[in-house]
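I have placed the structure first, in the form of structure tokens, so that the comments after it can refer back to it.
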Amino acid sequence: MKFIKYISLIIILFSASLAFSQVKFEAKVSKKKLGINERLQIDFEMNQDGDNFVPPSFRDFEIVGGPNTAVSNSWANGKRSYTKTYSYFLAPKKRGKFTIKQATIEIDGETYKTFPITISVSAAVDKPNTSPDASDIAAEKIHLVAEVSKSDPYLNEAITVVYKLYVSPETGVSNWREKDNPRFNDFWSQNIEIKGLNILKGQYKGEDYRYVVLRKTVLYPQKTGKLKLEPLVLDITVEVPSKRFDIFGRPILTKVPKIVTAGSRTIDVKPLPEQNKPSDFKGAVGDFAFEVFTTKSQLNATESLQAKIEVSGKGNLKLFELPKLTVPSSLEVYEPEHNENVRTNLSGMQGVISDTYTIVPQYKGKYPVPTISFSYFDLKTESYKRITSDEIVIDVLEGPIATTNNSDNATSSNTKQTVRPNTNTFAFIKTSSNWSSISSQPFFKSIGFWSLLLCPFLAIPLAIVIRNKKDERDADLHGNRIRKADRLAKKYLGAAKKALGQKEAFYLALEKALHNYLKAKLNIETSDFNKEKIDSILKERQVEHEVVKDFISILENCELARYTPITQVTMQNDYDKSAKTISLIDKQLR
Amino acid sequence: MRAITLLFLCCFSVIGFSQNNQRFEEANALYNDSKYAEAIDKYESILDSKVHSVELYFNLGNANYKLNNIAPSIYYYEKALQLSPNDKEIENNLAFAKNMTIDAIDKVPEVGFSRITKNIVNTFNADTWSKIAIGGVLLFVLLFLMYHFSFGTSRKRIAFIVSVLSLLIGCFSVAMAFQKDRLNTKDNPAIVFAQESRIKVDPNQTSEEVFRLHEGTKVQVLETYEDWKKIQLSDNSTGWIPSKDIKLLKLF
């Protein structure tokens, strides 16, 4: 252990004695930390002249300049000081930590080495240290500024960007060139031509400057959100006064090439409010007037007229669609002709755009053109506005009539002109009317319908049954006779039967009934009504002798009964007998 | 009692009719003086008393046409045609009114057998068909009884043939009446009253738009869901329309 200590002590002493021997060979760097875009100066300095200088290998660097050799020799107070320097300018190739290795030199037959130096290279820095002084000055004295009229516009609201180059009075610009034209993505842009560069005086950050307006652009944002304006990049040659003066005392100007950028600007584009957004809104933003008109309102069929839809005013005129014209389908409409008469200045687009439709009516009639509405966003009031056109009626005075079923008469119409009365006119109202209740019940499927439809079928069996019954009764002879006698008795002896029991009335009625019967059957007048005549006539008509006798006896009974007392039973007997006789006579009568 | 009320009703209706006749004539006079709006008011006051007629609807259509009210004029003409199909004057003026409409819709033609049957069915309305059926049945019954009870051979033969024929006519008419009734219930036309209406795929506002219809177009209503109606055009395209945009023709 002690041994090591001694050795190290000896080494230290030895090195100290070396330093003392006044030979110096050192490597010096301008900085140990630098950005990748910066440059590095490395000096190898010695205080005695040497030979065989071997620089280290600058593997990770690019040698930009050098080696430069500088020798200085001076005497001061009898003492000579001498330095010889090899210097290199290096630019790093990549980021990282690099070591610059030893350089060697032989001085008085001995080899000296420098210490290795570690350099760290970081990311690019804004201000590379390599710029010479003149360009620093230029950077301070020359400014390119982009002035944006509004940083939070609405979608489709016009904004202007004005690029101004400020130059301080001490410096001058001898030449300039646009290196990179900014492209305005997501904007509709229009450059405003600038005639000549006028130098104006103005202030920049409180100092007097001269400035020129290089470029004016009108922008209409087409997208919402944060949009970036690409910077304008200029390559200019700046004349900077140096600290040296010419023989006349004027500062000598050094020309420095310089790249200036306006810096990128972000524009926050607000979307148009969704609230109360009209359905027919098509993106028009600004201040507009809207009109629809036709060249004629009355014409004949197959003549043409023009309908014009026109929007005038200030705003994004080229950036929205005009509302479409809708017309009745029976009008022939051609594709519209689009006209734009728009000027663009710093405040935006201004002018008139219009669509002209050519319309040819085919048939006679009235054709109303429906109202057309146009909505836009008014920036002043920040609200939507709608303008509605008036309704236009195109009156076609003469022409063919539209047929609902245009089948064959359409083709034959134009071959020959036939003379026919003009029946196809709009018919006049009807002057008289038959009223019926609105709430009428349909007959079909009603109870009446079903009963009327089905009841007749019931009539068939009913009629057959009735007929059969009738036939049956006709076939029954005995029953028929009884029924006939009853009927006859009922017919003629009805009054007598009512009076049954009252002697006089009964016989009176009975006699009358018998007389009536004979009158009806035999056409005997009342005047010649005696028994002999009745007897002879009845016999003539082939009535049996006995029956005639019975009849006569009843008549005699009637007469007798008036004067003799008669019992109820006899009366009944007489009634039955007369009924029987009548029916017998009726049967035998020919 | 019933007879008396019936008599009363008859009297009232007669009074009502005569009142309507007076109003109708007043309205006609207004129309002839080109005071169409007033005429329309008068005509509609007649409609309010629950009576109608072909002529009333026709005149309402005319007055609305003169005022360029597309949808109402077509609506009333169609209504008049419902009461009196194949009226030449109505068809003529309807063609005029249809000139004002915007939509041009193709008609899918019906062909072959279905067209023939439809034509036959549409010759009469259901009530007339049912009356014909009843007539046929009555004739059949009479002739059948005649056949049954008559004795002569030739008379019997004729009666039988005619009775069978009239029974066939009766059956056919009943079938036609049913067919016509079915067609009537299926047929539910409406007129678009909104100036422009968006027809959607589904019955809600957010759904996709299929097409647009304009005032005066005639559509067939297929079904109803909440306040939407499914409609079909004459070219068989379908979609949903808000109920307020159309007016049904079958309201009476």
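Chain labels A, B, ... are given in the sequence in which chains occur in the structure tokens; within each chain residues are numbered consecutively from 1, and ligands are likewise numbered from 1 in the order shown.
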message: At a cut-off of 7 Å, which residues of chain A touch chain B? Count only C-alpha atoms and give the answer as a PyMOL selection string.
response: chain A and resi 327-330+365-368+402-404+426-427+429-431+433-439+442-444+452-453+456-457+460
Export C-alpha atoms of the chosen residues as an mmCIF file, in the first residue's frame?
data_model
loop_
_atom_site.group_PDB
_atom_site.id
_atom_site.type_symbol
_atom_site.label_atom_id
_atom_site.label_comp_id
_atom_site.auth_asym_id
_atom_site.auth_seq_id
_atom_site.Cartn_x
_atom_site.Cartn_y
_atom_site.Cartn_z
ATOM 1 C CA VAL A 327 -91.308 25.386 -61.100
ATOM 2 C CA PRO A 328 -94.346 23.321 -62.038
ATOM 3 C CA SER A 329 -93.330 20.163 -63.836
ATOM 4 C CA SER A 330 -95.201 21.095 -66.960
ATOM 5 C CA GLY A 365 -102.606 27.730 -67.989
ATOM 6 C CA LYS A 366 -101.338 29.475 -64.926
ATOM 7 C CA TYR A 367 -98.076 28.407 -63.409
ATOM 8 C CA PRO A 368 -97.210 29.769 -60.005
ATOM 9 C CA ALA A 402 -102.229 19.759 -71.111
ATOM 10 C CA THR A 403 -103.930 16.411 -71.330
ATOM 11 C CA THR A 404 -103.867 14.185 -68.322
ATOM 12 C CA PHE A 426 -111.364 26.215 -67.854
ATOM 13 C CA ALA A 427 -114.949 25.334 -67.078
ATOM 14 C CA ILE A 429 -118.723 26.845 -61.911
ATOM 15 C CA LYS A 430 -121.898 24.806 -61.723
ATOM 16 C CA THR A 431 -124.876 26.888 -60.840
ATOM 17 C CA SER A 433 -126.765 21.724 -56.818
ATOM 18 C CA ASN A 434 -128.357 18.661 -55.306
ATOM 19 C CA TRP A 435 -127.527 18.412 -51.672
ATOM 20 C CA SER A 436 -126.874 15.230 -49.822
ATOM 21 C CA SER A 437 -125.806 14.646 -46.290
ATOM 22 C CA ILE A 438 -122.092 14.339 -45.750
ATOM 23 C CA SER A 439 -122.574 11.472 -43.322
ATOM 24 C CA PRO A 442 -123.618 3.100 -47.380
ATOM 25 C CA PHE A 443 -126.377 0.797 -48.520
ATOM 26 C CA PHE A 444 -123.994 -2.072 -49.144
ATOM 27 C CA LEU A 452 -133.523 -7.586 -49.424
ATOM 28 C CA LEU A 453 -130.908 -9.917 -50.806
ATOM 29 C CA PRO A 456 -136.647 -13.400 -51.726
ATOM 30 C CA PHE A 457 -135.072 -16.844 -51.311
ATOM 31 C CA ILE A 460 -139.637 -19.784 -52.794
#
message: Please list as a PyMOL selection string every residue within 6 Å of region 173-183 of chain A, counting only C-alpha atoms and excluding residues in the same chain fewer than 3 positions away.
response: chain A and resi 230-239
CA of Thr99 (chain A) to CA of Ala70 (chain A), straight-line distance in Å: 24.6 Å
